[in-house]
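**Student:** Contents of structure-v3.csv (CSV, C-alpha atoms) are given next:
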```
chain,number,residue,atom,x,y,z
A,1,MET,CA,-22.3,62.1,-0.3
A,2,GLU,CA,-22.8,58.3,-0.1
A,3,SER,CA,-19.4,57.6,-1.7
A,4,ASP,CA,-17.7,59.9,0.8
A,5,ALA,CA,-19.2,58.0,3.7
A,6,GLU,CA,-18.1,54.7,2.1
A,7,GLU,CA,-14.6,56.0,1.7
A,8,GLN,CA,-14.5,57.1,5.3
A,9,LEU,CA,-15.6,53.7,6.4
A,10,ARG,CA,-12.9,52.1,4.3
A,11,ILE,CA,-10.3,54.4,5.8
A,12,ILE,CA,-11.5,53.4,9.3
A,13,GLU,CA,-11.3,49.7,8.3
A,14,ARG,CA,-7.8,50.2,6.9
A,15,ALA,CA,-6.7,51.9,10.1
A,16,GLU,CA,-8.2,49.1,12.3
A,17,ALA,CA,-6.5,46.4,10.1
A,18,ALA,CA,-3.1,48.2,10.1
A,19,PRO,CA,-1.6,46.5,13.2
A,20,TYR,CA,-2.5,43.1,11.8
A,21,VAL,CA,-1.1,43.5,8.3
A,22,SER,CA,1.7,46.1,8.6
A,23,TYR,CA,4.6,44.3,10.3
A,24,PRO,CA,8.2,43.3,9.5
A,25,LYS,CA,8.9,39.8,8.2
A,26,THR,CA,9.5,37.3,11.0
A,27,PRO,CA,13.2,36.2,11.1
A,28,GLY,CA,14.0,32.7,10.0
A,29,TRP,CA,15.3,31.7,13.4
A,30,TYR,CA,11.9,32.4,15.0
A,31,ALA,CA,10.2,29.1,14.6
A,32,PRO,CA,13.1,26.8,15.5
A,33,VAL,CA,13.9,28.9,18.6
A,34,ILE,CA,10.3,28.7,19.8
A,35,GLY,CA,10.3,25.0,19.2
A,36,LEU,CA,13.6,24.7,21.2
A,37,TRP,CA,12.1,26.8,24.0
A,38,VAL,CA,9.1,24.5,24.3
A,39,ALA,CA,11.3,21.4,24.2
A,40,ALA,CA,13.5,22.9,26.9
A,41,LEU,CA,10.4,23.7,29.0
A,42,ILE,CA,9.4,20.0,28.8
A,43,GLY,CA,12.8,18.9,29.8
A,44,VAL,CA,13.0,21.3,32.8
A,45,PHE,CA,9.6,20.3,34.1
A,46,THR,CA,10.4,16.6,33.8
A,47,TRP,CA,14.1,16.1,34.5
A,48,TRP,CA,14.8,18.8,37.0
A,49,ARG,CA,11.6,19.2,38.9
A,50,ASP,CA,12.9,17.1,41.8
A,51,SER,CA,16.0,19.3,42.2
A,52,ALA,CA,15.1,22.8,43.3
A,53,ALA,CA,18.7,23.8,42.7
A,54,LEU,CA,18.4,23.0,39.0
A,55,PHE,CA,14.6,23.5,38.4
A,56,PHE,CA,14.1,27.1,39.7
A,57,PRO,CA,17.2,28.7,38.0
A,58,ALA,CA,16.3,26.9,34.7
A,59,LEU,CA,12.7,28.0,34.9
A,60,VAL,CA,13.8,31.6,35.7
A,61,VAL,CA,16.1,31.5,32.6
A,62,LEU,CA,13.3,30.2,30.4
A,63,ILE,CA,10.7,32.7,31.6
A,64,GLY,CA,13.3,35.5,31.4
A,65,LEU,CA,14.0,34.5,27.8
A,66,GLU,CA,10.3,34.5,27.0
A,67,ILE,CA,9.8,38.0,28.5
A,68,ALA,CA,12.8,39.4,26.7
A,69,PHE,CA,11.5,37.9,23.5
A,70,LEU,CA,8.0,39.4,23.9
A,71,VAL,CA,9.5,42.8,24.7
A,72,TRP,CA,11.7,42.6,21.6
A,73,MET,CA,8.7,41.5,19.4
A,74,GLN,CA,6.6,44.4,20.8
A,75,ARG,CA,9.3,46.9,20.1
A,76,ARG,CA,9.9,45.5,16.7
A,77,HIS,CA,6.3,45.4,15.6
A,78,GLY,CA,5.0,48.5,17.4
A,79,ALA,CA,1.3,47.9,17.8
A,80,MET,CA,1.6,44.1,17.8
A,81,PRO,CA,-1.6,42.2,17.9
A,82,PHE,CA,-1.8,39.1,20.0
A,83,PRO,CA,-4.1,36.3,19.1
A,84,GLY,CA,-7.3,36.5,21.2
A,85,ARG,CA,-7.0,40.3,21.7
A,86,GLY,CA,-8.7,42.9,19.5
A,87,LYS,CA,-10.9,42.4,16.5
A,88,PRO,CA,-8.7,41.3,13.5
A,89,PRO,CA,-9.9,41.4,9.9
A,90,ARG,CA,-11.9,38.3,9.1
A,91,GLU,CA,-9.1,36.7,7.1
A,92,ILE,CA,-6.7,37.0,10.0
A,93,GLY,CA,-9.4,35.8,12.5
A,94,ARG,CA,-9.7,32.6,10.5
A,95,ILE,CA,-5.9,32.1,10.8
A,96,TRP,CA,-6.0,32.7,14.5
A,97,LYS,CA,-8.8,30.1,15.0
A,98,GLY,CA,-6.7,27.6,13.1
A,99,TYR,CA,-3.7,28.5,15.2
A,100,PHE,CA,-5.5,27.8,18.5
A,101,ALA,CA,-6.9,24.6,17.1
A,102,GLY,CA,-3.4,23.6,16.1
A,103,VAL,CA,-2.0,24.3,19.5
A,104,VAL,CA,-4.6,22.0,21.1
A,105,VAL,CA,-3.6,19.2,18.6
A,106,VAL,CA,0.1,19.7,19.3
A,107,VAL,CA,-0.4,19.5,23.0
A,108,VAL,CA,-2.5,16.3,22.7
A,109,VAL,CA,0.0,14.7,20.4
A,110,VAL,CA,3.0,15.6,22.5
A,111,ALA,CA,1.2,14.4,25.6
A,112,ALA,CA,0.4,11.1,23.9
A,113,ILE,CA,4.0,10.7,22.8
A,114,TRP,CA,5.2,11.5,26.3
A,115,TRP,CA,2.9,8.9,27.7
A,116,VAL,CA,3.9,6.2,25.2
A,117,ALA,CA,7.6,6.9,24.5
A,118,GLY,CA,8.8,9.1,27.3
A,119,VAL,CA,10.3,12.5,27.9
A,120,PRO,CA,13.1,12.6,25.2
A,121,ALA,CA,10.6,11.6,22.5
A,122,ALA,CA,8.1,14.2,23.7
A,123,ALA,CA,10.7,16.9,23.8
A,124,VAL,CA,11.9,16.1,20.2
A,125,SER,CA,8.3,15.8,18.9
A,126,ALA,CA,7.4,19.1,20.6
A,127,PHE,CA,10.4,20.8,18.9
A,128,VAL,CA,9.4,19.4,15.5
A,129,LEU,CA,5.7,20.0,15.8
A,130,VAL,CA,6.0,23.5,17.3
A,131,THR,CA,8.7,24.5,14.8
A,132,ALA,CA,6.7,23.2,11.8
A,133,GLY,CA,3.4,24.6,13.2
A,134,ILE,CA,4.8,28.1,13.6
A,135,TRP,CA,6.4,28.0,10.2
A,136,TYR,CA,3.1,27.0,8.7
A,137,TYR,CA,1.2,29.6,10.7
A,138,GLU,CA,3.6,32.3,9.6
A,139,ARG,CA,3.1,31.4,5.9
A,140,ARG,CA,-0.7,31.3,6.2
A,141,TYR,CA,-0.7,34.6,8.1
A,142,ALA,CA,1.3,36.3,5.4
A,143,VAL,CA,-1.1,35.1,2.8
A,144,ALA,CA,-4.1,36.3,4.8
A,145,ALA,CA,-2.5,39.7,5.5
A,146,ALA,CA,-1.8,40.1,1.8
A,147,LYS,CA,-5.5,39.3,1.1
A,148,VAL,CA,-6.5,42.0,3.7
A,149,ARG,CA,-4.2,44.6,2.1
A,150,GLU,CA,-5.6,43.7,-1.3
A,151,ARG,CA,-9.2,43.9,-0.2
A,152,LEU,CA,-8.8,47.3,1.6
A,153,GLY,CA,-6.6,48.8,-1.1
```
As structure tokens - that is how I would like this structure written.

**Tutor:**
Amino acid sequence: MESDAEEQLRIIERAEAAPYVSYPKTPGWYAPVIGLWVAALIGVFTWWRDSAALFFPALVVLIGLEIAFLVWMQRRHGAMPFPGRGKPPREIGRIWKGYFAGVVVVVVVVAAIWWVAGVPAAAVSAFVLVTAGIWYYERRYAVAAAKVRERLG
């Protein structure tokens, strides 16, 4: 009887973890495109903010691209978990905490570069840091997801 209850708990835990560990591989273009989007956002807010004729259309395009991307990802992943929502397995939770800490570091570094070296340097550094950060996060997430699958059988 006890082993039956343990097996049922394991089945429940596997089902809860499924959205976090059962997903298609992220395409290779994902990280550089997100880095480019962030760099473009910096450029739009800096160079075109004084010209409503350039600023608002560019901002609408960037936001539209982000919405289209999120819809595509949701359809592609199905039950796609977003960092900060739900209760991920502990291995994934650690990766999410590292991700959020990394975002803070990237924002501070890019802001410092912007302050010291100007907008072009900030946009380039944002592209490089965001692209590298997402690439690193994706690799760590894949390892954590594999550990969850292994642990849950």

**Student:** Between atom CA of Ala40 of chain A and atom CA of Ala111 of chain A, what is the distance in Å, rounded to a tenth?

**Tutor:**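 Those two atoms sit 15.0 Å apart.
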
**Student:** Skip segment 74-77 of chain A itself and residues of its chain fewer than 4 positions away, then list as a VMD selection string all residues within 8 Å of it, counting all atoms listed in the file.

**Tutor:** chain A and resid 23 to 24 70

**Student:** Hey, can you check how far atom CA of Gly93 of chain A sits from atom CA of Trp37 of chain A?

**Tutor:**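 Distance reported for this atom pair: 26.0 Å.
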
**Student:** Closest to Arg14 of chain A among A:Val109, A:Leu36, A:Trp135, A:Pro89, using all atoms listed in the file?

**Tutor:**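 Counting all atoms listed in the file, the residue closest to Arg14 of chain A is A:Pro89.
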
**Student:** What gap, in Å, lies between atom CA of Ala122 of chain A and atom CA of Phe55 of chain A?

**Tutor:**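 Result for atom CA of Ala122 of chain A versus atom CA of Phe55 of chain A: 18.6 Å, one decimal.
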
**Student:** Give me the residues near Val110 of chain A as a list in words, where near means some atom within 12 Å (using all atoms listed in the file) and where sequence neighbours in that chain fewer than 6 positions away do not count.

**Tutor:**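 Non-adjacent residues within range: Val38, Ala39, Ile42, Val103, Val104, Val116, Ala117, Gly118, Val119, Pro120, Ala121, Ala122, Ala123, Val124, Ser125, Ala126, Phe127, Val128, Leu129 and Val130 of chain A.
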
**Student:** Would you save the residues from that selection as a short mmCIF file (atom, residue, chain, number, x, y, z; two decimals), in the coordinates of the input, using C-alpha atoms?

**Tutor:**
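Output file out-v4.cif follows:
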```
data_model
loop_
_atom_site.label_atom_id
_atom_site.label_comp_id
_atom_site.auth_asym_id
_atom_site.auth_seq_id
_atom_site.Cartn_x
_atom_site.Cartn_y
_atom_site.Cartn_z
CA VAL A 38 9.10 24.50 24.30
CA ALA A 39 11.30 21.40 24.20
CA ILE A 42 9.40 20.00 28.80
CA VAL A 103 -2.00 24.30 19.50
CA VAL A 104 -4.60 22.00 21.10
CA VAL A 116 3.90 6.20 25.20
CA ALA A 117 7.60 6.90 24.50
CA GLY A 118 8.80 9.10 27.30
CA VAL A 119 10.30 12.50 27.90
CA PRO A 120 13.10 12.60 25.20
CA ALA A 121 10.60 11.60 22.50
CA ALA A 122 8.10 14.20 23.70
CA ALA A 123 10.70 16.90 23.80
CA VAL A 124 11.90 16.10 20.20
CA SER A 125 8.30 15.80 18.90
CA ALA A 126 7.40 19.10 20.60
CA PHE A 127 10.40 20.80 18.90
CA VAL A 128 9.40 19.40 15.50
CA LEU A 129 5.70 20.00 15.80
CA VAL A 130 6.00 23.50 17.30
#
```

**Student:** Measuring atom to atom with only C-alpha atoms, identify which of A:Trp115, A:Ile12, A:Arg90, A:Tyr137 is nearest to Gly102 of chain A.

**Tutor:**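 Of all the options, A:Tyr137 lies closest to Gly102 of chain A.
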
**Student:** Given the choices A:Ser3, A:Gln8, A:Thr26, A:Ser51, which gets closest to Tyr141 of chain A if the distance is worked out from only C-alpha atoms?

**Tutor:** A:Thr26

**Student:** Residues at most 12 Å from Leu152 of chain A, counting all atoms listed in the file, excluding those fewer than 6 positions away in the same chain, as a list of chain:residue names?

**Tutor:**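 Contacts, in chain order: A:Glu6, A:Glu7, A:Gln8, A:Leu9, A:Arg10, A:Ile11, A:Ile12, A:Glu13, A:Arg14, A:Ala15, A:Glu16, A:Ala17, A:Ala18, A:Val21, A:Pro89, A:Glu91, A:Ala145, A:Ala146.
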